[in-house]
file structure_20.cif (mmCIF, C-alpha atoms)
data_my_file
loop_
_atom_site.label_atom_id
_atom_site.label_comp_id
_atom_site.auth_asym_id
_atom_site.auth_seq_id
_atom_site.Cartn_x
_atom_site.Cartn_y
_atom_site.Cartn_z
CA MET A 25 0.00 0.00 0.00
CA SER A 26 1.30 3.47 -0.82
CA ALA A 27 2.59 5.50 2.11
CA LEU A 28 0.61 8.44 0.76
CA ARG A 29 -2.81 6.92 1.28
CA HIS A 30 -5.41 8.17 3.72
CA GLN A 31 -3.70 11.48 4.44
CA LYS A 32 -5.81 14.34 5.78
CA LEU A 33 -5.78 17.81 4.31
CA PRO A 34 -5.22 20.82 6.59
CA GLY A 35 -8.52 21.82 8.13
CA ASP A 36 -9.03 25.31 6.72
CA THR A 37 -11.47 26.86 4.28
CA ASN A 38 -9.11 27.12 1.31
CA PRO A 39 -9.87 25.05 -1.83
CA LYS A 40 -8.53 21.49 -1.78
CA TYR A 41 -5.93 22.12 -4.48
CA MET A 42 -4.44 24.95 -2.36
CA ARG A 43 -4.30 22.71 0.69
CA ILE A 44 -2.56 19.92 -1.24
CA ALA A 45 -0.09 22.45 -2.64
CA ALA A 46 0.53 23.75 0.90
CA VAL A 47 1.37 20.25 2.18
CA LEU A 48 3.80 19.63 -0.69
CA ARG A 49 5.29 23.11 -0.37
CA GLU A 50 5.99 22.57 3.33
CA LYS A 51 7.82 19.32 2.55
CA ILE A 52 9.87 21.07 -0.13
CA LEU A 53 10.81 24.07 2.02
CA SER A 54 11.62 21.87 5.03
CA GLY A 55 13.99 19.77 2.91
CA GLN A 56 11.92 16.59 3.18
CA TYR A 57 11.67 16.75 -0.60
CA ALA A 58 15.15 17.75 -1.79
CA PRO A 59 15.97 19.40 -5.16
CA GLY A 60 15.47 16.82 -7.92
CA HIS A 61 13.12 14.70 -5.79
CA ARG A 62 10.23 13.23 -7.78
CA LEU A 63 6.88 14.29 -6.33
CA PRO A 64 3.83 12.01 -6.08
CA SER A 65 1.99 11.72 -9.38
CA GLU A 66 -1.49 13.09 -9.95
CA SER A 67 -2.86 9.55 -9.59
CA ALA A 68 -1.04 9.12 -6.27
CA LEU A 69 -2.39 12.41 -4.98
CA VAL A 70 -5.94 11.41 -6.02
CA LYS A 71 -5.66 8.20 -4.00
CA SER A 72 -3.90 9.86 -1.08
CA TYR A 73 -6.28 12.78 -0.54
CA GLY A 74 -9.52 11.53 -2.13
CA VAL A 75 -9.72 14.37 -4.65
CA SER A 76 -10.33 14.55 -8.36
CA ARG A 77 -7.53 14.39 -10.93
CA PRO A 78 -8.06 18.05 -12.01
CA THR A 79 -7.70 19.11 -8.35
CA ALA A 80 -4.43 17.21 -7.97
CA GLY A 81 -3.18 18.60 -11.28
CA ARG A 82 -4.02 22.17 -10.23
CA ALA A 83 -1.97 21.74 -7.04
CA LEU A 84 1.10 20.64 -9.01
CA ARG A 85 0.63 23.42 -11.57
CA ASP A 86 0.52 26.03 -8.80
CA LEU A 87 3.80 24.74 -7.40
CA ALA A 88 5.30 24.87 -10.89
CA ASP A 89 4.03 28.44 -11.36
CA ALA A 90 5.70 29.38 -8.05
CA GLY A 91 9.00 28.05 -9.37
CA LEU A 92 9.20 25.26 -6.78
CA VAL A 93 8.49 22.38 -9.14
CA GLU A 94 9.59 21.37 -12.64
CA ARG A 95 7.08 19.32 -14.65
CA ARG A 96 8.72 17.03 -17.19
CA ALA A 97 6.55 15.55 -19.92
CA GLY A 98 6.30 11.79 -19.53
CA ALA A 99 8.44 11.77 -16.37
CA GLY A 100 6.42 13.59 -13.70
CA SER A 101 6.96 16.53 -11.36
CA PHE A 102 10.28 17.19 -9.64
CA VAL A 103 11.49 19.67 -7.00
CA ALA A 104 13.27 22.46 -8.88
CA SER A 105 17.03 22.58 -8.52
CA GLN A 106 17.02 26.32 -9.20
CA PRO A 107 13.76 28.12 -8.28
CA LYS A 108 12.52 30.23 -11.17
CA ALA A 109 11.58 33.87 -11.02
CA VAL A 110 7.89 34.66 -11.10
CA THR A 111 6.79 35.87 -14.50
CA GLY A 112 3.98 38.19 -15.42
CA ARG A 113 2.77 41.17 -13.37
CA PRO A 114 2.59 40.14 -9.70
CA THR A 115 0.31 41.80 -7.18
CA LEU A 116 1.55 42.52 -3.67
CA GLY A 117 -0.57 43.18 -0.61
CA ILE A 118 0.11 45.41 2.40
CA LEU A 119 -1.39 44.04 5.59
CA MET A 120 -0.97 46.82 8.15
CA PRO A 121 -4.30 47.75 9.77
CA GLN A 122 -2.45 50.38 11.87
CA TRP A 123 -1.09 52.28 8.88
CA GLU A 124 -3.32 55.37 9.18
CA SER A 125 -3.03 55.59 12.97
CA THR A 126 0.74 55.05 13.15
CA GLU A 127 2.82 57.66 11.38
CA ILE A 128 5.77 55.39 10.63
CA PHE A 129 3.55 52.79 8.94
CA GLU A 130 1.88 55.47 6.85
CA LYS A 131 5.32 56.47 5.58
CA ILE A 132 6.38 52.88 4.92
CA CYS A 133 3.16 52.09 3.06
CA GLY A 134 3.52 55.15 0.85
CA GLN A 135 7.09 54.28 -0.03
CA LEU A 136 6.20 50.64 -0.76
CA ALA A 137 3.48 51.82 -3.14
CA SER A 138 5.97 54.12 -4.91
CA LEU A 139 8.53 51.33 -5.27
CA ALA A 140 5.89 48.95 -6.60
CA ARG A 141 4.75 51.44 -9.23
CA ALA A 142 8.36 52.06 -10.29
CA HIS A 143 8.79 48.31 -10.88
CA GLY A 144 5.47 47.83 -12.69
CA ILE A 145 3.93 45.89 -9.82
CA ASP A 146 0.34 46.21 -8.63
CA ILE A 147 -0.21 46.73 -4.91
CA ALA A 148 -3.21 46.59 -2.56
CA TRP A 149 -3.52 47.69 1.04
CA SER A 150 -6.01 47.68 3.84
CA LYS A 151 -8.07 50.57 5.14
CA ALA A 152 -7.64 51.84 8.66
CA SER A 153 -10.00 51.31 11.57
CA PRO A 154 -13.07 53.57 11.73
CA PRO A 155 -12.38 56.82 13.63
CA ASN A 156 -13.36 57.51 17.25
CA LEU A 157 -13.12 53.91 18.44
CA SER A 158 -12.11 53.21 22.03
CA PRO A 159 -8.63 51.59 22.38
CA GLY A 160 -10.14 48.16 23.06
CA ALA A 161 -12.59 48.40 20.15
CA ARG A 162 -9.85 49.69 17.84
CA ILE A 163 -7.55 46.76 18.65
CA LYS A 164 -10.41 44.29 18.13
CA ASP A 165 -11.29 45.97 14.84
CA GLU A 166 -7.65 45.82 13.68
CA SER A 167 -7.49 42.10 14.44
CA GLU A 168 -10.73 41.40 12.58
CA GLN A 169 -9.62 43.60 9.71
CA ALA A 170 -6.29 41.79 9.47
CA GLU A 171 -8.10 38.44 9.25
CA ARG A 172 -10.43 39.78 6.54
CA MET A 173 -7.55 41.18 4.50
CA CYS A 174 -5.70 37.89 4.83
CA SER A 175 -8.72 36.05 3.37
CA ASP A 176 -9.03 38.63 0.60
CA TYR A 177 -5.35 38.37 -0.34
CA ILE A 178 -5.55 34.57 -0.44
CA GLU A 179 -8.64 34.69 -2.64
CA ARG A 180 -6.93 37.16 -4.98
CA ARG A 181 -3.80 34.97 -5.04
CA MET A 182 -1.30 37.68 -4.19
CA ALA A 183 2.32 36.98 -5.04
CA GLY A 184 3.43 38.39 -1.69
CA VAL A 185 2.24 40.26 1.39
CA PHE A 186 4.01 42.83 3.56
CA PHE A 187 2.75 42.13 7.08
CA ALA A 188 3.23 44.27 10.19
CA PRO A 189 2.21 41.93 13.05
CA LEU A 190 -0.42 43.22 15.45
CA GLU A 191 0.43 44.39 18.98
CA LEU A 192 -1.17 45.68 22.21
CA SER A 193 -3.60 42.76 22.45
CA LYS A 194 -3.74 39.56 24.53
CA THR A 195 -4.58 37.61 21.38
CA GLN A 196 -1.94 39.19 19.14
CA SER A 197 0.32 36.14 19.01
CA GLU A 198 -2.55 33.82 18.09
CA VAL A 199 -3.81 36.17 15.37
CA ASN A 200 -0.34 36.85 13.94
CA HIS A 201 0.57 33.17 13.75
CA ARG A 202 -2.75 32.29 12.17
CA ILE A 203 -2.31 34.93 9.47
CA VAL A 204 1.21 33.86 8.46
CA SER A 205 0.16 30.21 8.53
CA ARG A 206 -2.74 30.86 6.17
CA LEU A 207 -0.63 32.95 3.80
CA THR A 208 2.12 30.32 3.77
CA GLU A 209 -0.31 27.51 3.05
CA ALA A 210 -1.68 29.56 0.16
CA GLY A 211 1.83 29.88 -1.30
CA ILE A 212 2.06 33.63 -0.71
CA ALA A 213 5.49 35.11 0.04
CA ILE A 214 5.69 37.01 3.34
CA VAL A 215 7.94 39.83 4.46
CA LEU A 216 7.42 41.00 8.03
CA VAL A 217 7.71 44.76 8.46
CA ASP A 218 9.02 46.49 11.59
CA ARG A 219 8.61 43.48 13.90
CA ASP A 220 8.68 39.71 14.12
CA ILE A 221 5.78 37.48 15.16
CA GLU A 222 8.01 35.85 17.79
CA LYS A 223 9.11 37.35 21.10
CA TYR A 224 12.56 38.94 21.10
CA PRO A 225 15.22 37.56 20.75
CA GLN A 226 13.52 34.64 19.00
CA ARG A 227 13.13 34.76 15.21
CA SER A 228 10.50 33.27 12.96
CA GLY A 229 11.24 31.65 9.61
CA PHE A 230 10.17 34.76 7.67
CA ASP A 231 12.11 37.65 6.18
CA LEU A 232 12.04 40.78 8.33
CA ALA A 233 12.65 44.42 7.38
CA SER A 234 13.04 46.74 10.33
CA MET A 235 15.13 49.33 12.08
CA ASP A 236 17.90 47.83 14.23
CA ASN A 237 15.98 48.23 17.47
CA PHE A 238 18.68 46.80 19.72
CA ALA A 239 21.12 49.37 18.34
CA ALA A 240 18.47 52.07 18.77
CA GLY A 241 17.98 51.24 22.46
CA TYR A 242 21.73 51.15 22.97
CA LYS A 243 22.21 54.49 21.21
CA ILE A 244 19.61 56.46 23.15
CA ALA A 245 20.67 54.99 26.51
CA SER A 246 24.31 55.76 25.73
CA HIS A 247 23.37 59.39 25.12
CA LEU A 248 21.60 59.64 28.48
CA LEU A 249 24.54 57.98 30.22
CA LEU A 250 26.88 60.58 28.70
CA LEU A 251 24.64 63.25 30.26
CA GLY A 252 25.26 61.73 33.67
CA CYS A 253 22.14 59.57 34.05
CA ARG A 254 22.69 56.37 36.03
CA ARG A 255 19.13 55.39 36.98
CA ILE A 256 17.15 54.88 33.77
CA ALA A 257 13.64 53.41 33.39
CA PHE A 258 11.81 52.24 30.28
CA PHE A 259 8.08 53.01 29.96
CA THR A 260 5.94 50.77 27.75
CA LYS A 261 2.37 49.62 27.33
CA PRO A 262 1.29 45.98 27.95
CA TYR A 263 1.55 43.56 25.03
CA SER A 264 3.92 45.78 23.06
CA ALA A 265 5.63 44.47 19.92
CA SER A 266 8.91 42.55 19.96
CA THR A 267 10.66 45.74 18.82
CA VAL A 268 10.15 47.16 22.31
CA ALA A 269 11.87 44.19 23.94
CA ALA A 270 14.81 44.69 21.57
CA ARG A 271 15.03 48.37 22.56
CA ILE A 272 14.98 47.43 26.24
CA ALA A 273 17.75 44.90 25.65
CA GLY A 274 19.85 47.56 23.90
CA MET A 275 19.29 49.99 26.77
CA ARG A 276 20.33 47.38 29.33
CA GLU A 277 23.46 46.51 27.39
CA ALA A 278 24.54 50.17 27.36
CA MET A 279 23.85 50.49 31.09
CA ALA A 280 25.74 47.30 31.93
CA ARG A 281 28.80 48.53 30.05
CA ALA A 282 28.63 51.86 31.89
CA ASN A 283 28.18 50.20 35.31
CA ALA A 284 24.97 52.18 35.85
CA GLU A 285 23.17 51.95 39.21
CA THR A 286 20.18 50.13 37.69
CA ARG A 287 19.99 47.68 34.80
CA GLY A 288 17.02 49.42 33.26
CA ASP A 289 13.76 49.10 35.18
CA VAL A 290 10.69 48.50 33.01
CA ILE A 291 7.45 50.35 33.77
CA GLU A 292 4.42 48.79 32.10
CA GLY A 293 1.14 50.67 32.08
CA ASN A 294 -0.85 53.57 30.69
CA PRO A 295 1.28 56.74 30.38
CA ALA A 296 -1.87 58.89 30.08
CA ASP A 297 -3.09 57.76 33.52
CA ALA A 298 -1.74 60.48 35.81
CA LYS A 299 -2.70 58.52 38.93
CA PHE A 300 -0.72 55.50 37.75
CA VAL A 301 2.24 57.69 36.78
CA ARG A 302 2.19 59.36 40.22
CA SER A 303 2.27 55.98 41.97
CA VAL A 304 5.16 54.78 39.83
CA PHE A 305 7.37 57.82 40.20
CA ALA A 306 6.62 58.11 43.93
CA ARG A 307 8.12 54.67 44.57
CA LYS A 308 11.51 55.27 42.98
CA LYS A 309 13.52 58.18 41.64
CA TRP A 310 14.98 57.85 38.17
CA ASP A 311 17.26 60.22 36.29
CA ALA A 312 15.65 59.48 32.94
CA CYS A 313 12.79 57.59 31.31
CA ILE A 314 13.02 56.12 27.82
CA CYS A 315 9.59 55.52 26.28
CA ALA A 316 8.69 52.74 23.85
CA ASN A 317 7.77 55.32 21.19
CA ASP A 318 7.04 59.03 20.78
CA ARG A 319 3.32 58.55 21.37
CA THR A 320 4.00 57.00 24.78
CA ALA A 321 6.51 59.76 25.52
CA ALA A 322 4.02 62.51 24.58
CA GLN A 323 1.34 60.99 26.81
CA LEU A 324 3.82 60.62 29.67
CA LEU A 325 4.86 64.27 29.29
CA GLN A 326 1.24 65.37 29.73
CA SER A 327 0.90 63.29 32.90
CA LEU A 328 4.19 64.61 34.30
CA ILE A 329 3.11 68.21 33.69
CA LYS A 330 -0.15 67.56 35.61
CA LEU A 331 1.90 66.14 38.49
CA GLY A 332 4.33 69.04 38.56
CA ILE A 333 7.30 66.89 37.56
CA ARG A 334 9.60 69.04 35.44
CA VAL A 335 11.13 67.77 32.21
CA PRO A 336 14.09 67.78 31.90
CA GLY A 337 14.75 69.39 35.33
CA ASP A 338 13.41 66.50 37.43
CA LEU A 339 13.36 63.78 34.79
CA ARG A 340 14.84 63.45 31.30
CA VAL A 341 12.48 61.84 28.76
CA ALA A 342 13.19 60.27 25.35
CA GLY A 343 11.30 58.24 22.76
CA PHE A 344 11.53 56.45 19.43
CA ASP A 345 10.20 57.20 15.90
CA ASP A 346 10.80 60.96 15.47
CA ALA A 347 7.12 61.51 14.71
CA LYS A 348 6.02 64.87 13.34
CA TYR A 349 4.53 65.91 16.68
CA ALA A 350 7.82 65.21 18.53
CA THR A 351 8.73 68.88 18.05
CA LEU A 352 5.22 70.12 18.93
CA VAL A 353 4.76 68.70 22.44
CA ALA A 354 5.31 70.87 25.54
CA VAL A 355 8.96 69.88 25.69
CA PRO A 356 10.36 68.81 22.26
CA LEU A 357 11.40 65.16 22.40
CA THR A 358 14.81 63.62 22.14
CA THR A 359 14.14 60.54 20.05
CA ILE A 360 15.45 57.94 17.63
CA HIS A 361 14.62 58.69 14.01
CA GLN A 362 12.79 55.75 12.45
CA PRO A 363 14.10 55.48 8.83
CA GLY A 364 10.78 54.59 7.23
CA ASP A 365 11.96 55.02 3.63
CA GLU A 366 14.93 52.75 4.25
CA VAL A 367 12.78 50.12 5.96
CA ALA A 368 10.38 50.19 3.00
CA ALA A 369 13.27 49.81 0.52
CA LEU A 370 14.65 46.87 2.50
CA ALA A 371 11.20 45.26 2.66
CA PHE A 372 10.70 45.64 -1.07
CA GLU A 373 14.12 44.17 -1.87
CA ALA A 374 13.41 41.29 0.51
CA MET A 375 10.08 40.62 -1.22
CA MET A 376 11.63 40.56 -4.71
CA ARG A 377 14.29 38.17 -3.42
CA ARG A 378 11.70 35.92 -1.78
CA ILE A 379 9.43 35.78 -4.85
CA ASN A 380 12.30 35.07 -7.22
CA ASN A 381 13.90 32.51 -4.92
CA PRO A 382 11.33 30.84 -2.62
CA LEU A 383 13.99 28.53 -1.16
CA ALA A 384 16.31 31.34 -0.03
CA PRO A 385 17.04 31.33 3.73
CA ALA A 386 15.06 33.80 5.84
CA CYS A 387 16.98 36.98 6.62
CA ALA A 388 16.62 40.11 8.74
CA PHE A 389 17.22 43.37 6.86
CA LEU A 390 18.00 46.15 9.37
CA ALA A 391 18.17 49.91 8.85
CA THR A 392 20.52 52.01 11.00
CA PRO A 393 18.85 54.22 13.66
CA ARG A 394 19.78 57.89 14.12
CA LEU A 395 19.64 59.90 17.36
CA VAL A 396 17.80 63.25 17.29
CA VAL A 397 18.60 65.39 20.34
CA ARG A 398 16.07 67.92 21.63
CA GLU A 399 15.18 69.67 24.90
CA SER A 400 13.48 66.77 26.74
CA CYS A 401 16.81 65.21 27.68
CA GLY A 402 18.29 68.49 28.94
CA THR A 403 20.42 69.42 25.97
CA TYR A 404 19.67 70.46 22.45
CA LEU A 405 21.90 70.20 19.39
CA PRO A 406 20.58 71.65 16.10
CA ARG A 407 19.96 68.98 13.45
#

call {"tool": "encode", "arguments": {"input": "structure_20.cif", "output": "structure tokens"}}
result
Amino acid sequence: MSALRHQKLPGDTNPKYMRIAAVLREKILSGQYAPGHRLPSESALVKSYGVSRPTAGRALRDLADAGLVERRAGAGSFVASQPKAVTGRPTLGILMPQWESTEIFEKICGQLASLARAHGIDIAWSKASPPNLSPGARIKDESEQAERMCSDYIERRMAGVFFAPLELSKTQSEVNHRIVSRLTEAGIAIVLVDRDIEKYPQRSGFDLASMDNFAAGYKIASHLLLLGCRRIAFFTKPYSASTVAARIAGMREAMARANAETRGDVIEGNPADAKFVRSVFARKKWDACICANDRTAAQLLQSLIKLGIRVPGDLRVAGFDDAKYATLVAVPLTTIHQPGDEVAALAFEAMMRRINNPLAPACAFLATPRLVVRESCGTYLPR
């Protein structure tokens, strides 16, 4: 009896030919089917999965179209020794539900669209959440929207998807993993943007285009240490993205090398809650507070002003992103400039590489962060 008989297809809603292709693709990419390996014939797939011959044939054709399989007349289908570039005019999707509410993603999306047009590639992206939603409703809407866009991109058979994993939600890991699993099973190339789906320092098996967040945390902490700070805290919101953990790790590395008094305490909570901020800063005195991003820093500044805590006189504050409003808050923010154009260029190059060579090893493409010094850290150097 054939070892292929009585196999079960993955239990999702995709058509059977896509599910068969996903099973074979996984065996190819994992190395179970090596280059030159002869794949099961259409007849064998019919017996194994209980499908029609046209369904089995469609699965093999899709793998051949993706450049993973070579079909030889009279001989069968074989794993390609050299994956072929995708021909025709591919369509790429942008799956970033936060793009209109997060300035850096808006910039990255715009640059990706420009790069796609310059290369004659069609691109589609998701709409933002409806305005005036509460934080909890917005996060739920973003998760539901991401799932809908994933289904839409699979149905439209995108060549690739740029995906910025969701954050700030208890269910973010489950949703993020489900999305990349569905896209992978559908044979869609994935490039993660800004953050990984795994917790830092773990890495997934997908290409990643991002700023070097460890270097960013190290750079901003080093600047504060040069100003004489020795007790530095890091303020973040619960369920933040893996980028935040990388920034914290960079901060702690800089402090360890400088023999600072603390190793970087982490404050997790709502920076806009003045009562919470009062309780935190009443327990311990820090010289400086690095915030997960400029939005968190701006909210913290408002709470500190209400509490009569002077910035930078009593506490130096810094952030990440260099958002437009970083110069408009009560005390202009020292921050790390997020190189959105560079991240977009790296993501686009990674996508072209992944589409043209599906078997290429997963890589992280990192842009170099740049420190922007303003009044919130107690010194200001013109840019």

call {"tool": "closest_atom_pairs", "arguments": {"input": "structure_20.cif", "of": "region 351-396 of chain A", "to": "region 134-152 of chain A", "cutoff": "12 Å", "atoms": "only C-alpha atoms", "output": "tab-separated table"}}
result
residue	atom	partner	partner_atom	distance
A:Pro363	CA	A:Gln135	CA	11.4
A:Gly364	CA	A:Gln135	CA	8.1
A:Asp365	CA	A:Gln135	CA	6.1
A:Glu366	CA	A:Gln135	CA	9.1
A:Val367	CA	A:Gln135	CA	9.2
A:Ala368	CA	A:Leu136	CA	5.6
A:Ala369	CA	A:Leu136	CA	7.2
A:Leu370	CA	A:Leu136	CA	9.8
A:Ala371	CA	A:Leu136	CA	8.1
A:Phe372	CA	A:Leu136	CA	6.7
A:Glu373	CA	A:Leu139	CA	9.7
A:Ala374	CA	A:Leu136	CA	11.9
A:Met375	CA	A:Leu136	CA	10.8
A:Met376	CA	A:His143	CA	10.3

call {"tool": "residues_around", "arguments": {"input": "structure_20.cif", "residues": "region 227-232 of chain A", "least_positions_apart": "3", "cutoff": "8 Å", "atoms": "all atoms listed in the file", "output": "compact mmCIF listing (two decimals) with C-alpha atoms, in the frame of the given file"}}
result
# COMPACT_ATOMS: atom_id res chain seq x y z
CA ILE A 214 5.69 37.01 3.34
CA VAL A 215 7.94 39.83 4.46
CA LEU A 216 7.42 41.00 8.03
CA VAL A 217 7.71 44.76 8.46
CA ASP A 218 9.02 46.49 11.59
CA ARG A 219 8.61 43.48 13.90
CA ASP A 220 8.68 39.71 14.12
CA ILE A 221 5.78 37.48 15.16
CA GLU A 222 8.01 35.85 17.79
CA LYS A 223 9.11 37.35 21.10
CA TYR A 224 12.56 38.94 21.10
CA ALA A 371 11.20 45.26 2.66
CA ALA A 374 13.41 41.29 0.51
CA ALA A 386 15.06 33.80 5.84
CA CYS A 387 16.98 36.98 6.62
CA ALA A 388 16.62 40.11 8.74
CA PHE A 389 17.22 43.37 6.86

call {"tool": "residues_around", "arguments": {"input": "structure_20.cif", "residues": "region 175-188 of chain A", "least_positions_apart": "2", "cutoff": "7 Å", "atoms": "all atoms listed in the file", "output": "PyMOL selection string"}}
result
chain A and resi 114-120+171-173+190+207+210+212-219

call {"tool": "atom_distance", "arguments": {"input": "structure_20.cif", "atom1": "CA of Gly60 (chain A)", "atom2": "CA of Phe102 (chain A)"}}
result
5.5 Å

call {"tool": "atom_distance", "arguments": {"input": "structure_20.cif", "atom1": "CA of His361 (chain A)", "atom2": "CA of Ala280 (chain A)"}}
result
24.0 Å

call {"tool": "resolve_selection", "arguments": {"input": "structure_20.cif", "expression": "the PyMOL selection byres ((chain A and resi 92) around 12)", "output": "count of residues only"}}
result
43
